[in-house]
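As structure tokens, the structure follows; a few thoughts come after it.
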Amino acid sequence: GCGIAQVFLAAGHSVSLYDPYPEALAKAAPNMRANLQSIGGSQACLARLTLCEHVGDAVGQAAFVFEAGPEKLELKQRIFAQLDAAAPAAAVLASNTSVIPITDIASKLPPGRQAHVVGTHWWNPPYLIPLVEVVRTVQLSDTAFDRTMALLRKVGKKPVEVKKDVPGFVGNRLQHALWREAFAIVQAGICDAQTVDDVVKNSFGMRLPVLGPLENAELVGLDLTLDIHKVVLPHLDASGGPSPLLDSLVSSGLLGVKTGEGLRRWSEDDAQAVRQRVA
């Protein structure tokens, strides 16, 4: 949420920010200040930030509202009920969910309001990554969709249209297909976690910013791609649920950076080094 707010502040907009937890709200400006410092950006834009203790104060005069709560459907439905009650009728209400269908989030709202509910899936960190997936629903009006695309372009983002409201949209379906196979490779003992990451970062990962997977397939030839798929696809993981390895790690309290251990051990210095490398 802070990263999304930062994008609009840096582009010259006034932003009101609400969080139900006062301690989280208090960290918003310091977090943005640190982000701006890390990328050499001016901190003067923070003068246009208003922190709000009540959701109505934040959205009562808003033209656009971006929700960035946890990935829990019932919670998001409650948030959007609050937004419906407090935001202007013409406001576009956008959800930053990364996987939950927007239709499900808006399902309990009046039809007129559903026409103004859109998915805007930003990628972390929002102030560095250009893409925003703009997700259509059957109920969404063309006007609300067009307004959203225009606003995102104006603040320097790369919005793309997702024509069908499916779980995971586009980016996360692609990303988690890769993650599913990565966990399966480690579980099968083919290699360790570090090797998986080294392979991705030092091979096809280096091409991805300039060559997408379908461009690549056409560049090498769809006939060659077909031959490769006939050999390799039967051996890829196709399970319909989370990896048993992932389930076991979470059940054991080994959650990665936040607990100091997951597939590998993490010190705070290790984690900070990765974050800085991303920036």
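Going by the structure tokens order, chains are called A, B, ..., each with residues numbered from 1, while ligands are numbered from 1 in the order shown.
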
Which polymer residues have any atom within 12 Å of an atom of Phe80 (chain A), counting only C-alpha atoms, with same-chain residues fewer than 5 positions away left out, as a PDB file with all heavy atoms, in the first residue's frame?
```pdb
ATOM      1  N   VAL A  55     -11.533   5.325   7.679  1.00  0.00           N
ATOM      2  CA  VAL A  55     -11.594   5.059   6.243  1.00  0.00           C
ATOM      3  C   VAL A  55     -12.414   6.115   5.525  1.00  0.00           C
ATOM      4  O   VAL A  55     -12.089   6.513   4.397  1.00  0.00           O
ATOM      5  CB  VAL A  55     -12.137   3.633   5.982  1.00  0.00           C
ATOM      6  CG1 VAL A  55     -13.594   3.496   6.403  1.00  0.00           C
ATOM      7  CG2 VAL A  55     -11.960   3.256   4.516  1.00  0.00           C
ATOM      8  N   VAL A  59     -11.369   8.253   1.979  1.00  0.00           N
ATOM      9  CA  VAL A  59     -11.980   8.007   0.664  1.00  0.00           C
ATOM     10  C   VAL A  59     -13.172   8.899   0.355  1.00  0.00           C
ATOM     11  O   VAL A  59     -13.710   8.841  -0.755  1.00  0.00           O
ATOM     12  CB  VAL A  59     -12.397   6.523   0.522  1.00  0.00           C
ATOM     13  CG1 VAL A  59     -11.230   5.594   0.845  1.00  0.00           C
ATOM     14  CG2 VAL A  59     -13.598   6.196   1.401  1.00  0.00           C
ATOM     15  N   VAL A  65      -9.689   4.774  -5.479  1.00  0.00           N
ATOM     16  CA  VAL A  65      -9.319   4.136  -4.218  1.00  0.00           C
ATOM     17  C   VAL A  65      -8.611   2.825  -4.545  1.00  0.00           C
ATOM     18  O   VAL A  65      -9.123   2.014  -5.325  1.00  0.00           O
ATOM     19  CB  VAL A  65     -10.563   3.838  -3.341  1.00  0.00           C
ATOM     20  CG1 VAL A  65     -10.139   3.162  -2.031  1.00  0.00           C
ATOM     21  CG2 VAL A  65     -11.348   5.120  -3.063  1.00  0.00           C
ATOM     22  N   PHE A  66      -7.433   2.624  -3.969  1.00  0.00           N
ATOM     23  CA  PHE A  66      -6.675   1.387  -4.165  1.00  0.00           C
ATOM     24  C   PHE A  66      -6.611   0.632  -2.845  1.00  0.00           C
ATOM     25  O   PHE A  66      -6.055   1.134  -1.866  1.00  0.00           O
ATOM     26  CB  PHE A  66      -5.261   1.690  -4.685  1.00  0.00           C
ATOM     27  CG  PHE A  66      -5.253   2.283  -6.054  1.00  0.00           C
ATOM     28  CD1 PHE A  66      -5.360   3.654  -6.234  1.00  0.00           C
ATOM     29  CD2 PHE A  66      -5.163   1.476  -7.181  1.00  0.00           C
ATOM     30  CE1 PHE A  66      -5.365   4.214  -7.503  1.00  0.00           C
ATOM     31  CE2 PHE A  66      -5.175   2.022  -8.461  1.00  0.00           C
ATOM     32  CZ  PHE A  66      -5.282   3.391  -8.611  1.00  0.00           C
ATOM     33  N   GLU A  67      -7.188  -0.555  -2.813  1.00  0.00           N
ATOM     34  CA  GLU A  67      -7.168  -1.409  -1.623  1.00  0.00           C
ATOM     35  C   GLU A  67      -5.981  -2.353  -1.702  1.00  0.00           C
ATOM     36  O   GLU A  67      -5.731  -2.951  -2.753  1.00  0.00           O
ATOM     37  CB  GLU A  67      -8.485  -2.198  -1.538  1.00  0.00           C
ATOM     38  CG  GLU A  67      -8.480  -3.344  -0.542  1.00  0.00           C
ATOM     39  CD  GLU A  67      -8.012  -4.658  -1.158  1.00  0.00           C
ATOM     40  OE1 GLU A  67      -8.285  -4.922  -2.348  1.00  0.00           O
ATOM     41  OE2 GLU A  67      -7.343  -5.424  -0.429  1.00  0.00           O
ATOM     42  N   ALA A  68      -5.253  -2.483  -0.598  1.00  0.00           N
ATOM     43  CA  ALA A  68      -4.069  -3.354  -0.578  1.00  0.00           C
ATOM     44  C   ALA A  68      -4.027  -4.159   0.713  1.00  0.00           C
ATOM     45  O   ALA A  68      -3.006  -4.225   1.393  1.00  0.00           O
ATOM     46  CB  ALA A  68      -2.799  -2.528  -0.742  1.00  0.00           C
ATOM     47  N   GLY A  69      -5.150  -4.769   1.064  1.00  0.00           N
ATOM     48  CA  GLY A  69      -5.216  -5.589   2.274  1.00  0.00           C
ATOM     49  C   GLY A  69      -4.722  -7.005   2.033  1.00  0.00           C
ATOM     50  O   GLY A  69      -4.391  -7.378   0.899  1.00  0.00           O
ATOM     51  N   LEU A  73     -10.459 -13.352   1.173  1.00  0.00           N
ATOM     52  CA  LEU A  73     -11.648 -12.902   0.453  1.00  0.00           C
ATOM     53  C   LEU A  73     -12.646 -12.199   1.359  1.00  0.00           C
ATOM     54  O   LEU A  73     -13.129 -11.103   1.028  1.00  0.00           O
ATOM     55  CB  LEU A  73     -12.315 -14.087  -0.251  1.00  0.00           C
ATOM     56  CG  LEU A  73     -13.648 -13.776  -0.945  1.00  0.00           C
ATOM     57  CD1 LEU A  73     -13.483 -12.689  -1.998  1.00  0.00           C
ATOM     58  CD2 LEU A  73     -14.237 -15.044  -1.552  1.00  0.00           C
ATOM     59  N   GLU A  74     -12.993 -12.795   2.497  1.00  0.00           N
ATOM     60  CA  GLU A  74     -14.013 -12.194   3.348  1.00  0.00           C
ATOM     61  C   GLU A  74     -13.569 -10.838   3.874  1.00  0.00           C
ATOM     62  O   GLU A  74     -14.380  -9.911   3.998  1.00  0.00           O
ATOM     63  CB  GLU A  74     -14.353 -13.138   4.514  1.00  0.00           C
ATOM     64  CG  GLU A  74     -15.088 -14.394   4.066  1.00  0.00           C
ATOM     65  CD  GLU A  74     -15.488 -15.273   5.239  1.00  0.00           C
ATOM     66  OE1 GLU A  74     -15.151 -14.914   6.395  1.00  0.00           O
ATOM     67  OE2 GLU A  74     -16.138 -16.313   5.008  1.00  0.00           O
ATOM     68  N   LEU A  75     -12.280 -10.683   4.164  1.00  0.00           N
ATOM     69  CA  LEU A  75     -11.759  -9.396   4.618  1.00  0.00           C
ATOM     70  C   LEU A  75     -11.895  -8.352   3.512  1.00  0.00           C
ATOM     71  O   LEU A  75     -12.351  -7.229   3.754  1.00  0.00           O
ATOM     72  CB  LEU A  75     -10.290  -9.535   5.025  1.00  0.00           C
ATOM     73  CG  LEU A  75      -9.557  -8.233   5.349  1.00  0.00           C
ATOM     74  CD1 LEU A  75     -10.230  -7.509   6.514  1.00  0.00           C
ATOM     75  CD2 LEU A  75      -8.090  -8.509   5.676  1.00  0.00           C
ATOM     76  N   ALA A  85     -19.856   2.386   1.154  1.00  0.00           N
ATOM     77  CA  ALA A  85     -20.600   3.299   2.010  1.00  0.00           C
ATOM     78  C   ALA A  85     -19.961   4.680   2.090  1.00  0.00           C
ATOM     79  O   ALA A  85     -20.662   5.681   2.273  1.00  0.00           O
ATOM     80  CB  ALA A  85     -20.714   2.701   3.417  1.00  0.00           C
ATOM     81  N   ALA A  86     -18.648   4.762   1.927  1.00  0.00           N
ATOM     82  CA  ALA A  86     -17.933   6.019   2.209  1.00  0.00           C
ATOM     83  C   ALA A  86     -17.455   6.776   0.980  1.00  0.00           C
ATOM     84  O   ALA A  86     -17.300   7.997   1.029  1.00  0.00           O
ATOM     85  CB  ALA A  86     -16.729   5.726   3.110  1.00  0.00           C
ATOM     86  N   ALA A  87     -17.207   6.090  -0.132  1.00  0.00           N
ATOM     87  CA  ALA A  87     -16.616   6.739  -1.308  1.00  0.00           C
ATOM     88  C   ALA A  87     -17.697   7.327  -2.206  1.00  0.00           C
ATOM     89  O   ALA A  87     -18.832   6.842  -2.232  1.00  0.00           O
ATOM     90  CB  ALA A  87     -15.777   5.740  -2.090  1.00  0.00           C
ATOM     91  N   VAL A  92     -13.687   5.147  -8.706  1.00  0.00           N
ATOM     92  CA  VAL A  92     -13.242   3.817  -9.123  1.00  0.00           C
ATOM     93  C   VAL A  92     -12.616   3.141  -7.912  1.00  0.00           C
ATOM     94  O   VAL A  92     -11.719   3.697  -7.264  1.00  0.00           O
ATOM     95  CB  VAL A  92     -12.221   3.906 -10.269  1.00  0.00           C
ATOM     96  CG1 VAL A  92     -11.661   2.512 -10.592  1.00  0.00           C
ATOM     97  CG2 VAL A  92     -12.866   4.507 -11.507  1.00  0.00           C
ATOM     98  N   LEU A  93     -13.095   1.943  -7.579  1.00  0.00           N
ATOM     99  CA  LEU A  93     -12.576   1.174  -6.448  1.00  0.00           C
ATOM    100  C   LEU A  93     -11.740   0.027  -6.998  1.00  0.00           C
ATOM    101  O   LEU A  93     -12.257  -0.845  -7.699  1.00  0.00           O
ATOM    102  CB  LEU A  93     -13.720   0.632  -5.586  1.00  0.00           C
ATOM    103  CG  LEU A  93     -14.765   1.648  -5.111  1.00  0.00           C
ATOM    104  CD1 LEU A  93     -15.790   0.960  -4.212  1.00  0.00           C
ATOM    105  CD2 LEU A  93     -14.105   2.813  -4.378  1.00  0.00           C
ATOM    106  N   ALA A  94     -10.459   0.040  -6.697  1.00  0.00           N
ATOM    107  CA  ALA A  94      -9.526  -0.925  -7.279  1.00  0.00           C
ATOM    108  C   ALA A  94      -8.943  -1.822  -6.202  1.00  0.00           C
ATOM    109  O   ALA A  94      -8.557  -1.357  -5.128  1.00  0.00           O
ATOM    110  CB  ALA A  94      -8.409  -0.189  -8.011  1.00  0.00           C
ATOM    111  N   SER A  95      -8.860  -3.112  -6.501  1.00  0.00           N
ATOM    112  CA  SER A  95      -8.228  -4.060  -5.580  1.00  0.00           C
ATOM    113  C   SER A  95      -6.866  -4.480  -6.098  1.00  0.00           C
ATOM    114  O   SER A  95      -6.704  -4.790  -7.282  1.00  0.00           O
ATOM    115  CB  SER A  95      -9.093  -5.314  -5.396  1.00  0.00           C
ATOM    116  OG  SER A  95      -8.421  -6.240  -4.552  1.00  0.00           O
ATOM    117  N   ILE A 102     -11.725 -10.647  -8.988  1.00  0.00           N
ATOM    118  CA  ILE A 102     -12.341  -9.379  -8.619  1.00  0.00           C
ATOM    119  C   ILE A 102     -13.856  -9.541  -8.507  1.00  0.00           C
ATOM    120  O   ILE A 102     -14.504  -8.909  -7.665  1.00  0.00           O
ATOM    121  CB  ILE A 102     -11.992  -8.298  -9.659  1.00  0.00           C
ATOM    122  CG1 ILE A 102     -10.470  -8.246  -9.900  1.00  0.00           C
ATOM    123  CG2 ILE A 102     -12.517  -6.943  -9.226  1.00  0.00           C
ATOM    124  CD1 ILE A 102      -9.653  -8.006  -8.642  1.00  0.00           C
ATOM    125  N   THR A 103     -14.426 -10.391  -9.336  1.00  0.00           N
ATOM    126  CA  THR A 103     -15.867 -10.649  -9.284  1.00  0.00           C
ATOM    127  C   THR A 103     -16.278 -11.136  -7.901  1.00  0.00           C
ATOM    128  O   THR A 103     -17.323 -10.737  -7.372  1.00  0.00           O
ATOM    129  CB  THR A 103     -16.265 -11.688 -10.349  1.00  0.00           C
ATOM    130  OG1 THR A 103     -15.852 -11.221 -11.634  1.00  0.00           O
ATOM    131  CG2 THR A 103     -17.771 -11.918 -10.357  1.00  0.00           C
ATOM    132  N   ASP A 104     -15.468 -11.997  -7.290  1.00  0.00           N
ATOM    133  CA  ASP A 104     -15.773 -12.508  -5.953  1.00  0.00           C
ATOM    134  C   ASP A 104     -15.696 -11.391  -4.916  1.00  0.00           C
ATOM    135  O   ASP A 104     -16.523 -11.313  -4.005  1.00  0.00           O
ATOM    136  CB  ASP A 104     -14.805 -13.632  -5.573  1.00  0.00           C
ATOM    137  CG  ASP A 104     -14.977 -14.869  -6.436  1.00  0.00           C
ATOM    138  OD1 ASP A 104     -15.983 -14.945  -7.170  1.00  0.00           O
ATOM    139  OD2 ASP A 104     -14.097 -15.751  -6.385  1.00  0.00           O
ATOM    140  N   ILE A 105     -14.702 -10.527  -5.041  1.00  0.00           N
ATOM    141  CA  ILE A 105     -14.540  -9.433  -4.083  1.00  0.00           C
ATOM    142  C   ILE A 105     -15.732  -8.482  -4.133  1.00  0.00           C
ATOM    143  O   ILE A 105     -16.222  -8.009  -3.104  1.00  0.00           O
ATOM    144  CB  ILE A 105     -13.226  -8.677  -4.356  1.00  0.00           C
ATOM    145  CG1 ILE A 105     -12.020  -9.586  -4.062  1.00  0.00           C
ATOM    146  CG2 ILE A 105     -13.145  -7.386  -3.538  1.00  0.00           C
ATOM    147  CD1 ILE A 105     -10.685  -8.994  -4.468  1.00  0.00           C
ATOM    148  N   ALA A 106     -16.242  -8.215  -5.349  1.00  0.00           N
ATOM    149  CA  ALA A 106     -17.325  -7.241  -5.532  1.00  0.00           C
ATOM    150  C   ALA A 106     -18.710  -7.861  -5.463  1.00  0.00           C
ATOM    151  O   ALA A 106     -19.711  -7.145  -5.576  1.00  0.00           O
ATOM    152  CB  ALA A 106     -17.146  -6.543  -6.876  1.00  0.00           C
ATOM    153  N   SER A 107     -18.801  -9.168  -5.244  1.00  0.00           N
ATOM    154  CA  SER A 107     -20.069  -9.882  -5.423  1.00  0.00           C
ATOM    155  C   SER A 107     -21.191  -9.411  -4.511  1.00  0.00           C
ATOM    156  O   SER A 107     -22.373  -9.553  -4.851  1.00  0.00           O
ATOM    157  CB  SER A 107     -19.847 -11.389  -5.227  1.00  0.00           C
ATOM    158  OG  SER A 107     -19.405 -11.653  -3.897  1.00  0.00           O
ATOM    159  N   LYS A 108     -20.874  -8.843  -3.343  1.00  0.00           N
ATOM    160  CA  LYS A 108     -21.912  -8.441  -2.400  1.00  0.00           C
ATOM    161  C   LYS A 108     -22.276  -6.961  -2.500  1.00  0.00           C
ATOM    162  O   LYS A 108     -23.073  -6.458  -1.705  1.00  0.00           O
ATOM    163  CB  LYS A 108     -21.474  -8.790  -0.976  1.00  0.00           C
ATOM    164  CG  LYS A 108     -21.281 -10.292  -0.768  1.00  0.00           C
ATOM    165  CD  LYS A 108     -20.966 -10.643   0.672  1.00  0.00           C
ATOM    166  CE  LYS A 108     -20.830 -12.156   0.835  1.00  0.00           C
ATOM    167  NZ  LYS A 108     -20.551 -12.556   2.234  1.00  0.00           N
ATOM    168  N   LEU A 109     -21.694  -6.271  -3.477  1.00  0.00           N
ATOM    169  CA  LEU A 109     -21.976  -4.856  -3.661  1.00  0.00           C
ATOM    170  C   LEU A 109     -23.161  -4.675  -4.603  1.00  0.00           C
ATOM    171  O   LEU A 109     -23.468  -5.552  -5.417  1.00  0.00           O
ATOM    172  CB  LEU A 109     -20.749  -4.155  -4.250  1.00  0.00           C
ATOM    173  CG  LEU A 109     -19.465  -4.201  -3.419  1.00  0.00           C
ATOM    174  CD1 LEU A 109     -18.342  -3.494  -4.178  1.00  0.00           C
ATOM    175  CD2 LEU A 109     -19.673  -3.564  -2.052  1.00  0.00           C
ATOM    176  N   PRO A 110     -23.837  -3.521  -4.543  1.00  0.00           N
ATOM    177  CA  PRO A 110     -24.919  -3.236  -5.492  1.00  0.00           C
ATOM    178  C   PRO A 110     -24.395  -3.237  -6.921  1.00  0.00           C
ATOM    179  O   PRO A 110     -23.233  -2.884  -7.163  1.00  0.00           O
ATOM    180  CB  PRO A 110     -25.394  -1.843  -5.077  1.00  0.00           C
ATOM    181  CG  PRO A 110     -24.919  -1.658  -3.677  1.00  0.00           C
ATOM    182  CD  PRO A 110     -23.649  -2.441  -3.556  1.00  0.00           C
ATOM    183  N   ARG A 113     -22.455  -0.196  -8.146  1.00  0.00           N
ATOM    184  CA  ARG A 113     -21.100  -0.065  -7.614  1.00  0.00           C
ATOM    185  C   ARG A 113     -20.165  -1.074  -8.271  1.00  0.00           C
ATOM    186  O   ARG A 113     -18.991  -0.777  -8.530  1.00  0.00           O
ATOM    187  CB  ARG A 113     -21.106  -0.252  -6.098  1.00  0.00           C
ATOM    188  CG  ARG A 113     -19.747  -0.105  -5.458  1.00  0.00           C
ATOM    189  CD  ARG A 113     -19.169   1.290  -5.642  1.00  0.00           C
ATOM    190  NE  ARG A 113     -19.559   2.183  -4.562  1.00  0.00           N
ATOM    191  CZ  ARG A 113     -19.136   3.429  -4.440  1.00  0.00           C
ATOM    192  NH1 ARG A 113     -18.313   3.937  -5.342  1.00  0.00           N
ATOM    193  NH2 ARG A 113     -19.560   4.187  -3.445  1.00  0.00           N
ATOM    194  N   GLN A 114     -20.660  -2.281  -8.566  1.00  0.00           N
ATOM    195  CA  GLN A 114     -19.820  -3.290  -9.205  1.00  0.00           C
ATOM    196  C   GLN A 114     -19.276  -2.799 -10.543  1.00  0.00           C
ATOM    197  O   GLN A 114     -18.202  -3.214 -10.977  1.00  0.00           O
ATOM    198  CB  GLN A 114     -20.606  -4.591  -9.410  1.00  0.00           C
ATOM    199  CG  GLN A 114     -20.925  -5.324  -8.114  1.00  0.00           C
ATOM    200  CD  GLN A 114     -21.607  -6.653  -8.342  1.00  0.00           C
ATOM    201  OE1 GLN A 114     -21.370  -7.319  -9.355  1.00  0.00           O
ATOM    202  NE2 GLN A 114     -22.462  -7.054  -7.414  1.00  0.00           N
ATOM    203  N   HIS A 116     -17.970  -0.119 -11.056  1.00  0.00           N
ATOM    204  CA  HIS A 116     -16.814   0.740 -10.795  1.00  0.00           C
ATOM    205  C   HIS A 116     -15.708   0.001 -10.037  1.00  0.00           C
ATOM    206  O   HIS A 116     -14.769   0.629  -9.556  1.00  0.00           O
ATOM    207  CB  HIS A 116     -17.244   1.969  -9.987  1.00  0.00           C
ATOM    208  CG  HIS A 116     -18.104   2.925 -10.752  1.00  0.00           C
ATOM    209  ND1 HIS A 116     -19.453   2.733 -10.922  1.00  0.00           N
ATOM    210  CD2 HIS A 116     -17.796   4.063 -11.428  1.00  0.00           C
ATOM    211  CE1 HIS A 116     -19.952   3.722 -11.643  1.00  0.00           C
ATOM    212  NE2 HIS A 116     -18.967   4.535 -11.977  1.00  0.00           N
ATOM    213  N   VAL A 117     -15.812  -1.325  -9.924  1.00  0.00           N
ATOM    214  CA  VAL A 117     -14.796  -2.106  -9.212  1.00  0.00           C
ATOM    215  C   VAL A 117     -13.897  -2.813 -10.226  1.00  0.00           C
ATOM    216  O   VAL A 117     -14.369  -3.574 -11.078  1.00  0.00           O
ATOM    217  CB  VAL A 117     -15.438  -3.134  -8.261  1.00  0.00           C
ATOM    218  CG1 VAL A 117     -14.356  -3.984  -7.586  1.00  0.00           C
ATOM    219  CG2 VAL A 117     -16.277  -2.424  -7.196  1.00  0.00           C
ATOM    220  N   VAL A 118     -12.596  -2.565 -10.119  1.00  0.00           N
ATOM    221  CA  VAL A 118     -11.632  -3.087 -11.081  1.00  0.00           C
ATOM    222  C   VAL A 118     -10.454  -3.714 -10.337  1.00  0.00           C
ATOM    223  O   VAL A 118     -10.165  -3.353  -9.193  1.00  0.00           O
ATOM    224  CB  VAL A 118     -11.146  -1.939 -12.013  1.00  0.00           C
ATOM    225  CG1 VAL A 118     -10.400  -0.880 -11.223  1.00  0.00           C
ATOM    226  CG2 VAL A 118     -10.280  -2.466 -13.156  1.00  0.00           C
TER     227      VAL A 118
END
```

Item to check | All residues 10 Å or closer to region 146-157 of chain A, only C-alpha atoms, same chain fewer than 2 positions away omitted, as a count of residues only | outcome: 31

Next on the checklist: Between A:Ser98, A:Ser203, A:Leu255, A:Ala90, which residue has the minimum interatomic distance to Val170 (chain A), considering only C-alpha atoms?
Outcome noted: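 When distances to Val170 (chain A) are compared using only C-alpha atoms, the smallest one comes from A:Ser98.
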
Checklist entry - Skipping near chain neighbours, those fewer than 6 positions away, what residues fall within 9 Å of Val186 (chain A) using only C-alpha atoms, listed as a list in words? => result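 Result of the neighbour search: Asp192, Ala193, Val196 and Leu245 of chain A.
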
Item to check | Per-residue DSSP, region 60-144 of chain A, filtered to alpha helix (DSSP H), as a VMD selection string | outcome: chain A and resid 73 to 86 102 to 106 111 to 114 142 to 144

Next on the checklist: Let me make sure I understand: among A:Ser42, A:Leu174, A:Gly260, A:Gly241, which one has the smallest atom-to-atom distance to Leu214 (chain A) if we use only C-alpha atoms?
Outcome noted: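 That would be A:Leu174, the residue with the smallest distance to Leu214 (chain A).
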
Item to check | region 8-237 of chain A: residues DSSP assigns to strand (DSSP E), reported as a ChimeraX atom specification | outcome: /A:15-18,49-52,64-67,92-95,117-122,131-135,158-162

Checklist entry - For Pro242 (chain A), which of A:Cys191, A:Ala184, A:Ala279, A:Ala44 is the closest residue, counting only C-alpha atoms? => result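 For Pro242 (chain A), the nearest of the given residues is A:Ala184.
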
Checklist entry - Which distance in Å separates CA of Tyr18 (chain A) and CA of Cys52 (chain A), to one decimal? => result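 We find that CA of Tyr18 (chain A) and CA of Cys52 (chain A) lie 5.1 Å from each other.
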
Checklist entry - In Å, how far is it from CA of Asn124 (chain A) to CA of Arg265 (chain A)? => result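 Straight-line distance from CA of Asn124 (chain A) to CA of Arg265 (chain A) works out to 23.0 Å.
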
Checklist entry - Quick one: residues within 12 Å of Leu17 (chain A), only C-alpha atoms counted, chain neighbours fewer than 6 positions away excluded, as a ChimeraX atom specification? => result /A:1-6,8-9,24-29,46,48-60,62,65-68

Checklist entry - Neighbours of Ser38 (chain A) within 12 Å (only C-alpha atoms; same-chain residues fewer than 2 positions away dropped), as a PyMOL selection string? => result chain A and resi 31-36+40-43+127-128+275-279

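Coordinates place CA of Leu211 (chain A) at a distance of 27.4 Å from CA of Ile190 (chain A).
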